[in-house]
Amino acid sequence: MRDSVTKDPLSGVKVQKRERGTLWERVKPGSLLMLIATCAGALLVLSPFLLVVLNAFKSPADYSTRGPLALPAKFDLGPLQSYLDIIDFPKALTNSIVISVVVAVVGVLISVLAAYAIGIGRIKMRTGVLAVLLLGTMIPQEALIYPLFYIAQATGTLNTIWSVIIIFIVLQGAFGTYLLAGVLGTFPRELLEAARVDGASRWRILWTVVVPVIRPTLAVLMVFFFIWTWNEFYIPVVLLNSQDAQTIPIALATLRGQYTVDMTVVNAGSFLSLLPTIVFFLIFQKTLSNGVTAGAVK
């Protein structure tokens with residue numbers, strides 16, 4: 001900013017004006033450094049995805065001769081077509097969407113009901129129940145896979161998407177219950193007492209008082225449940241051996257087991273696998289932002 005003095009041509013009075021400087025004069029050094037650091041961090045985070053996109057449209061010969069870091073000499077859709085010929089992508093995509101959506105919705109519903117009883121209902125042995133739920137989220141999947149396999153086999157759900165759906169509803173529900181129980185434990189008692197005075201039942205208090213207040217948290221939890229379930233690999237690869245029940249991560253992994261490894265086809269498959277999650281994130285980006293900042297605003 002610069003100050004300059006000019007004379008009014010009509011009155012002859014001197015007027016002091018403040019002029020804006022150039023862009024470089026207005027930018028503070030600290031802000032410039034923060035912008036550079038943010039751009040560098042964003043480029044670092046996006047670099048794996050950019051590398052996948054770069055090699056998804058190369059021919060195998062181009063990839064072999066010029067390497068993975070070079071730009072494609074020619075835009076080639078051959079790797080995408082080869083991947084679609086090898087993998088039943090629409091079926092795998094449908095399985096992944098069904099599993100992730102059902103787990104996200106039902107997992108959040110169970111979490112809300114259980115957390116309402118623990119956090120607001122104050123059931124007996126509340127601390128012990130929360131400790132068990134926390135322990136359930138900390139147990140590695142490798143320790144659970146053998147009993148889960150035999151349970152799925154005994155119930156006839158092996159090689160069906162329902163085995164994975166039931167397991168992940170329980171796992172995600174345990175985490176969601178533990179998280180929401182802490183949130184509801186600090187829920188304003190004045191709102192609950194006011195609803196009781198008005199004659200509202202516990203069920204009505206839950207859906208008309210509690211859920212609207214914690215809706216941003218529930219939305220964020222549902223988005224996380226969807227993404228976590230979508231990316232799961234270890235349990236589905238053991239329980240879903242049938243090609244009709246495979247999810248996208250499993251279908252992508254079969255490229256290395258049954259067929260000759262072609263890195264352009266692998267990159268094309270990775271590109272198609274990432275697209276649904278990117279679209280999902282872009283759609284619910286505002287939901288995530290609102291949910292994360294809701295607690296700070298309040």
# chains A, B, ... in the order shown; residues from 1 in each chain; ligands from 1

$ residues_around --residues "A:Trp162" --least-positions-apart "2" --cutoff "12 Å" --atoms "only C-alpha atoms" --output "number ranges by chain"
A: 95-96, 98-100, 102-103, 152-153, 155-160, 164-169, 236, 239-240, 245-246

$ select_by_dssp --residues "stretch 3-136 of chain A" --states "helix (DSSP H, G or I)" --output "MDAnalysis selection string"
chainID A and resid 23:26 29:56 60:66 78:86 89:120 126:136

$ closest_residue --among "A:Trp228, A:Phe149, A:Phe284, A:Tyr83" --to "A:Phe175" --atoms "only C-alpha atoms"
A:Trp228

$ residues_around --residues "stretch 37-53 of chain A" --least-positions-apart "2" --cutoff "9 Å" --atoms "only C-alpha atoms" --output "list in words"
Leu32, Leu33, Met34, Leu35, Asn55, Ala56, Phe57, Pro68, Leu69, Thr264, Val266, Asn267, Ala268, Ser270, Phe271 and Leu274 of chain A

$ write_last_selection --atoms "C-alpha atoms" --output "short mmCIF file (atom, residue, chain, number, x, y, z; two decimals), in the first residue's frame"
data_model
loop_
_atom_site.label_atom_id
_atom_site.label_comp_id
_atom_site.auth_asym_id
_atom_site.auth_seq_id
_atom_site.Cartn_x
_atom_site.Cartn_y
_atom_site.Cartn_z
CA LEU A 32 3.79 -17.03 -0.06
CA LEU A 33 5.79 -19.72 1.72
CA MET A 34 2.58 -21.33 2.97
CA LEU A 35 1.16 -21.34 -0.58
CA ASN A 55 0.59 -45.17 -17.60
CA ALA A 56 -3.05 -46.21 -18.06
CA PHE A 57 -3.06 -44.82 -21.59
CA PRO A 68 6.79 -45.15 -16.44
CA LEU A 69 7.69 -41.46 -15.99
CA THR A 264 -0.23 -50.88 -18.46
CA VAL A 266 -2.62 -52.96 -14.08
CA ASN A 267 -2.51 -49.17 -14.25
CA ALA A 268 -5.66 -49.10 -16.37
CA SER A 270 -6.18 -49.08 -10.97
CA PHE A 271 -7.46 -46.02 -12.82
CA LEU A 274 -10.08 -45.18 -8.34
#

$ closest_atom_pairs --of "stretch 208-291 of chain A" --to "stretch 123-142 of chain A" --cutoff "12 Å" --atoms "only C-alpha atoms" --output "tab-separated table"
residue	atom	partner	partner_atom	distance
A:Glu232	CA	A:Gln141	CA	10.6
A:Phe233	CA	A:Gln141	CA	10.4
A:Tyr234	CA	A:Gln141	CA	7.6
A:Ile235	CA	A:Gln141	CA	7.2
A:Pro236	CA	A:Gln141	CA	11.0
A:Val238	CA	A:Glu142	CA	10.7

$ closest_residue --among "A:Ile161, A:Val237, A:Ala174, A:Ala104" --to "A:Val220" --atoms "only C-alpha atoms"
A:Ala104

$ closest_residue --among "A:Asp76, A:Asp88, A:Asp62, A:Asp198" --to "A:Gln243" --atoms "only C-alpha atoms"
A:Asp88

$ residues_around --residues "A:Ala117" --least-positions-apart "4" --cutoff "12 Å" --atoms "only C-alpha atoms" --output "ChimeraX atom specification"
/A:110-113,121-126,129-130,177-178,180-182,184-185,202-203,206,210

$ residues_around --residues "A:Phe280" --least-positions-apart "3" --cutoff "12 Å" --atoms "only C-alpha atoms" --output "number ranges by chain"
A: 97, 100-101, 222-224, 226-227, 230, 274-277, 283-288

$ residues_around --residues "A:Ile248" --least-positions-apart "2" --cutoff "7 Å" --atoms "only C-alpha atoms" --output "PDB file with N, CA, C and O atoms, in the first residue's frame"
ATOM      1  N   ALA A  92     -18.024 -56.550 -10.668  1.00  0.00           N
ATOM      2  CA  ALA A  92     -17.203 -56.196  -9.511  1.00  0.00           C
ATOM      3  C   ALA A  92     -17.601 -54.830  -8.958  1.00  0.00           C
ATOM      4  O   ALA A  92     -17.643 -54.627  -7.738  1.00  0.00           O
ATOM      5  N   LEU A  93     -17.906 -53.889  -9.860  1.00  0.00           N
ATOM      6  CA  LEU A  93     -18.325 -52.563  -9.417  1.00  0.00           C
ATOM      7  C   LEU A  93     -19.654 -52.633  -8.668  1.00  0.00           C
ATOM      8  O   LEU A  93     -19.823 -51.993  -7.616  1.00  0.00           O
ATOM      9  N   SER A  96     -19.045 -54.108  -5.173  1.00  0.00           N
ATOM     10  CA  SER A  96     -18.399 -53.149  -4.279  1.00  0.00           C
ATOM     11  C   SER A  96     -19.383 -52.080  -3.812  1.00  0.00           C
ATOM     12  O   SER A  96     -19.389 -51.702  -2.634  1.00  0.00           O
ATOM     13  N   GLN A 246     -16.710 -61.219  -6.459  1.00  0.00           N
ATOM     14  CA  GLN A 246     -15.497 -60.437  -6.253  1.00  0.00           C
ATOM     15  C   GLN A 246     -15.781 -58.938  -6.244  1.00  0.00           C
ATOM     16  O   GLN A 246     -16.652 -58.453  -6.961  1.00  0.00           O
ATOM     17  N   ILE A 250     -10.286 -57.052  -5.277  1.00  0.00           N
ATOM     18  CA  ILE A 250      -9.946 -58.457  -5.553  1.00  0.00           C
ATOM     19  C   ILE A 250      -9.781 -58.679  -7.047  1.00  0.00           C
ATOM     20  O   ILE A 250      -8.853 -59.374  -7.490  1.00  0.00           O
ATOM     21  N   ALA A 251     -10.673 -58.119  -7.853  1.00  0.00           N
ATOM     22  CA  ALA A 251     -10.564 -58.271  -9.306  1.00  0.00           C
ATOM     23  C   ALA A 251      -9.256 -57.691  -9.811  1.00  0.00           C
ATOM     24  O   ALA A 251      -8.617 -58.259 -10.716  1.00  0.00           O
ATOM     25  N   LEU A 252      -8.827 -56.583  -9.243  1.00  0.00           N
ATOM     26  CA  LEU A 252      -7.556 -55.987  -9.651  1.00  0.00           C
ATOM     27  C   LEU A 252      -6.384 -56.872  -9.262  1.00  0.00           C
ATOM     28  O   LEU A 252      -5.403 -56.986 -10.004  1.00  0.00           O
ATOM     29  N   SER A 273     -10.554 -48.375 -11.005  1.00  0.00           N
ATOM     30  CA  SER A 273     -10.916 -48.661  -9.622  1.00  0.00           C
ATOM     31  C   SER A 273     -10.972 -47.395  -8.775  1.00  0.00           C
ATOM     32  O   SER A 273     -11.763 -47.293  -7.833  1.00  0.00           O
TER      33      SER A 273
END

$ atom_distance --atom1 "atom CA of A:Asn231" --atom2 "atom CA of A:Leu84"
20.0 Å

$ atom_distance --atom1 "atom CA of A:Val170" --atom2 "atom CA of A:Arg189"
29.5 Å

$ atom_distance --atom1 "atom CA of A:Leu218" --atom2 "atom CA of A:Phe187"
14.5 Å

$ decode --residues "stretch 147-277 of chain A" --atoms "C-alpha atoms" --output "PDB file, in the first residue's frame"
ATOM      1  CA  PRO A 147     -13.140 -68.140  12.822  1.00  0.00           C
ATOM      2  CA  LEU A 148     -14.842 -65.854  10.321  1.00  0.00           C
ATOM      3  CA  PHE A 149     -14.109 -68.298   7.502  1.00  0.00           C
ATOM      4  CA  TYR A 150     -15.593 -71.271   9.365  1.00  0.00           C
ATOM      5  CA  ILE A 151     -18.611 -69.246  10.507  1.00  0.00           C
ATOM      6  CA  ALA A 152     -19.286 -68.192   6.898  1.00  0.00           C
ATOM      7  CA  GLN A 153     -18.868 -71.786   5.774  1.00  0.00           C
ATOM      8  CA  ALA A 154     -21.239 -73.082   8.463  1.00  0.00           C
ATOM      9  CA  THR A 155     -23.905 -70.486   7.692  1.00  0.00           C
ATOM     10  CA  GLY A 156     -23.735 -71.021   3.934  1.00  0.00           C
ATOM     11  CA  THR A 157     -22.687 -67.431   3.206  1.00  0.00           C
ATOM     12  CA  LEU A 158     -19.187 -68.296   1.967  1.00  0.00           C
ATOM     13  CA  ASN A 159     -18.499 -66.941  -1.539  1.00  0.00           C
ATOM     14  CA  THR A 160     -21.453 -64.571  -1.241  1.00  0.00           C
ATOM     15  CA  ILE A 161     -21.335 -60.847  -0.610  1.00  0.00           C
ATOM     16  CA  TRP A 162     -23.493 -61.307   2.511  1.00  0.00           C
ATOM     17  CA  SER A 163     -20.615 -62.855   4.428  1.00  0.00           C
ATOM     18  CA  VAL A 164     -18.552 -59.701   3.927  1.00  0.00           C
ATOM     19  CA  ILE A 165     -21.528 -57.405   4.545  1.00  0.00           C
ATOM     20  CA  ILE A 166     -22.363 -58.989   7.912  1.00  0.00           C
ATOM     21  CA  ILE A 167     -18.737 -59.000   9.076  1.00  0.00           C
ATOM     22  CA  PHE A 168     -18.069 -55.381   8.171  1.00  0.00           C
ATOM     23  CA  ILE A 169     -21.364 -54.202   9.653  1.00  0.00           C
ATOM     24  CA  VAL A 170     -20.226 -55.672  12.965  1.00  0.00           C
ATOM     25  CA  LEU A 171     -16.678 -54.286  12.702  1.00  0.00           C
ATOM     26  CA  GLN A 172     -17.694 -50.813  11.544  1.00  0.00           C
ATOM     27  CA  GLY A 173     -20.598 -50.765  13.976  1.00  0.00           C
ATOM     28  CA  ALA A 174     -18.247 -51.455  16.890  1.00  0.00           C
ATOM     29  CA  PHE A 175     -16.060 -48.508  15.945  1.00  0.00           C
ATOM     30  CA  GLY A 176     -19.051 -46.252  15.281  1.00  0.00           C
ATOM     31  CA  THR A 177     -20.656 -47.163  18.615  1.00  0.00           C
ATOM     32  CA  TYR A 178     -17.462 -46.413  20.508  1.00  0.00           C
ATOM     33  CA  LEU A 179     -17.099 -43.061  18.746  1.00  0.00           C
ATOM     34  CA  LEU A 180     -20.732 -41.945  19.046  1.00  0.00           C
ATOM     35  CA  ALA A 181     -21.008 -43.078  22.660  1.00  0.00           C
ATOM     36  CA  GLY A 182     -18.375 -40.510  23.569  1.00  0.00           C
ATOM     37  CA  VAL A 183     -20.202 -37.841  21.550  1.00  0.00           C
ATOM     38  CA  LEU A 184     -23.593 -38.600  23.095  1.00  0.00           C
ATOM     39  CA  GLY A 185     -22.077 -38.781  26.567  1.00  0.00           C
ATOM     40  CA  THR A 186     -21.625 -34.993  26.377  1.00  0.00           C
ATOM     41  CA  PHE A 187     -25.021 -34.329  24.765  1.00  0.00           C
ATOM     42  CA  PRO A 188     -26.786 -31.271  26.310  1.00  0.00           C
ATOM     43  CA  ARG A 189     -29.105 -32.568  29.039  1.00  0.00           C
ATOM     44  CA  GLU A 190     -31.283 -29.466  28.761  1.00  0.00           C
ATOM     45  CA  LEU A 191     -32.516 -30.552  25.334  1.00  0.00           C
ATOM     46  CA  LEU A 192     -33.367 -34.030  26.602  1.00  0.00           C
ATOM     47  CA  GLU A 193     -35.213 -32.696  29.651  1.00  0.00           C
ATOM     48  CA  ALA A 194     -37.167 -30.244  27.508  1.00  0.00           C
ATOM     49  CA  ALA A 195     -38.256 -33.061  25.201  1.00  0.00           C
ATOM     50  CA  ARG A 196     -39.310 -35.234  28.153  1.00  0.00           C
ATOM     51  CA  VAL A 197     -41.347 -32.373  29.611  1.00  0.00           C
ATOM     52  CA  ASP A 198     -43.145 -32.080  26.264  1.00  0.00           C
ATOM     53  CA  GLY A 199     -44.066 -35.757  26.569  1.00  0.00           C
ATOM     54  CA  ALA A 200     -41.673 -37.182  23.952  1.00  0.00           C
ATOM     55  CA  SER A 201     -40.806 -40.869  24.256  1.00  0.00           C
ATOM     56  CA  ARG A 202     -37.235 -42.148  24.167  1.00  0.00           C
ATOM     57  CA  TRP A 203     -37.692 -43.249  20.568  1.00  0.00           C
ATOM     58  CA  ARG A 204     -38.996 -39.840  19.542  1.00  0.00           C
ATOM     59  CA  ILE A 205     -36.212 -38.066  21.448  1.00  0.00           C
ATOM     60  CA  LEU A 206     -33.673 -40.104  19.502  1.00  0.00           C
ATOM     61  CA  TRP A 207     -35.015 -39.252  16.031  1.00  0.00           C
ATOM     62  CA  THR A 208     -36.302 -35.707  16.588  1.00  0.00           C
ATOM     63  CA  VAL A 209     -33.734 -34.330  19.047  1.00  0.00           C
ATOM     64  CA  VAL A 210     -30.524 -36.372  19.102  1.00  0.00           C
ATOM     65  CA  VAL A 211     -30.109 -37.368  15.445  1.00  0.00           C
ATOM     66  CA  PRO A 212     -30.659 -33.846  13.992  1.00  0.00           C
ATOM     67  CA  VAL A 213     -28.000 -32.449  16.328  1.00  0.00           C
ATOM     68  CA  ILE A 214     -25.386 -35.077  15.480  1.00  0.00           C
ATOM     69  CA  ARG A 215     -26.322 -35.365  11.778  1.00  0.00           C
ATOM     70  CA  PRO A 216     -22.977 -33.880  10.557  1.00  0.00           C
ATOM     71  CA  THR A 217     -21.072 -36.474  12.600  1.00  0.00           C
ATOM     72  CA  LEU A 218     -23.250 -39.268  11.230  1.00  0.00           C
ATOM     73  CA  ALA A 219     -22.686 -38.071   7.663  1.00  0.00           C
ATOM     74  CA  VAL A 220     -18.903 -38.092   8.107  1.00  0.00           C
ATOM     75  CA  LEU A 221     -19.052 -41.527   9.739  1.00  0.00           C
ATOM     76  CA  MET A 222     -21.117 -42.897   6.848  1.00  0.00           C
ATOM     77  CA  VAL A 223     -18.645 -41.549   4.283  1.00  0.00           C
ATOM     78  CA  PHE A 224     -15.727 -43.115   6.158  1.00  0.00           C
ATOM     79  CA  PHE A 225     -17.549 -46.445   6.469  1.00  0.00           C
ATOM     80  CA  PHE A 226     -18.158 -46.448   2.721  1.00  0.00           C
ATOM     81  CA  ILE A 227     -14.522 -45.689   1.835  1.00  0.00           C
ATOM     82  CA  TRP A 228     -13.064 -48.117   4.389  1.00  0.00           C
ATOM     83  CA  THR A 229     -15.322 -50.939   3.209  1.00  0.00           C
ATOM     84  CA  TRP A 230     -14.627 -50.160  -0.450  1.00  0.00           C
ATOM     85  CA  ASN A 231     -10.870 -50.477   0.083  1.00  0.00           C
ATOM     86  CA  GLU A 232     -10.995 -53.656   2.203  1.00  0.00           C
ATOM     87  CA  PHE A 233      -8.986 -56.505   0.726  1.00  0.00           C
ATOM     88  CA  TYR A 234      -7.836 -59.141   3.198  1.00  0.00           C
ATOM     89  CA  ILE A 235     -11.171 -60.475   4.479  1.00  0.00           C
ATOM     90  CA  PRO A 236     -12.955 -60.297   1.077  1.00  0.00           C
ATOM     91  CA  VAL A 237     -10.098 -62.083  -0.722  1.00  0.00           C
ATOM     92  CA  VAL A 238     -10.446 -65.024   1.689  1.00  0.00           C
ATOM     93  CA  LEU A 239     -14.238 -65.207   1.783  1.00  0.00           C
ATOM     94  CA  LEU A 240     -15.040 -64.309  -1.836  1.00  0.00           C
ATOM     95  CA  ASN A 241     -13.348 -66.853  -4.082  1.00  0.00           C
ATOM     96  CA  SER A 242     -16.185 -66.881  -6.609  1.00  0.00           C
ATOM     97  CA  GLN A 243     -15.723 -64.505  -9.528  1.00  0.00           C
ATOM     98  CA  ASP A 244     -19.394 -63.501  -9.302  1.00  0.00           C
ATOM     99  CA  ALA A 245     -18.839 -62.181  -5.759  1.00  0.00           C
ATOM    100  CA  GLN A 246     -15.497 -60.437  -6.253  1.00  0.00           C
ATOM    101  CA  THR A 247     -15.081 -56.771  -5.403  1.00  0.00           C
ATOM    102  CA  ILE A 248     -12.956 -54.290  -7.344  1.00  0.00           C
ATOM    103  CA  PRO A 249      -9.781 -54.659  -5.193  1.00  0.00           C
ATOM    104  CA  ILE A 250      -9.946 -58.457  -5.553  1.00  0.00           C
ATOM    105  CA  ALA A 251     -10.564 -58.271  -9.306  1.00  0.00           C
ATOM    106  CA  LEU A 252      -7.556 -55.987  -9.651  1.00  0.00           C
ATOM    107  CA  ALA A 253      -5.385 -58.395  -7.650  1.00  0.00           C
ATOM    108  CA  THR A 254      -6.247 -61.303  -9.975  1.00  0.00           C
ATOM    109  CA  LEU A 255      -4.264 -59.614 -12.759  1.00  0.00           C
ATOM    110  CA  ARG A 256      -1.092 -60.709 -11.006  1.00  0.00           C
ATOM    111  CA  GLY A 257      -2.195 -64.240 -10.253  1.00  0.00           C
ATOM    112  CA  GLN A 258      -3.955 -65.662 -13.291  1.00  0.00           C
ATOM    113  CA  TYR A 259      -2.458 -63.670 -16.134  1.00  0.00           C
ATOM    114  CA  THR A 260       0.875 -62.310 -17.278  1.00  0.00           C
ATOM    115  CA  VAL A 261       1.620 -59.061 -15.523  1.00  0.00           C
ATOM    116  CA  ASP A 262       1.184 -56.150 -17.928  1.00  0.00           C
ATOM    117  CA  MET A 263       1.826 -52.933 -16.043  1.00  0.00           C
ATOM    118  CA  THR A 264      -0.230 -50.876 -18.465  1.00  0.00           C
ATOM    119  CA  VAL A 265      -3.250 -53.123 -17.847  1.00  0.00           C
ATOM    120  CA  VAL A 266      -2.624 -52.962 -14.081  1.00  0.00           C
ATOM    121  CA  ASN A 267      -2.514 -49.170 -14.249  1.00  0.00           C
ATOM    122  CA  ALA A 268      -5.659 -49.097 -16.370  1.00  0.00           C
ATOM    123  CA  GLY A 269      -7.417 -51.282 -13.795  1.00  0.00           C
ATOM    124  CA  SER A 270      -6.184 -49.076 -10.974  1.00  0.00           C
ATOM    125  CA  PHE A 271      -7.458 -46.023 -12.818  1.00  0.00           C
ATOM    126  CA  LEU A 272     -10.937 -47.512 -13.246  1.00  0.00           C
ATOM    127  CA  SER A 273     -10.916 -48.661  -9.622  1.00  0.00           C
ATOM    128  CA  LEU A 274     -10.081 -45.183  -8.342  1.00  0.00           C
ATOM    129  CA  LEU A 275     -12.681 -43.352 -10.396  1.00  0.00           C
ATOM    130  CA  PRO A 276     -15.749 -44.367  -8.301  1.00  0.00           C
ATOM    131  CA  THR A 277     -14.101 -43.336  -5.016  1.00  0.00           C
TER     132      THR A 277
END
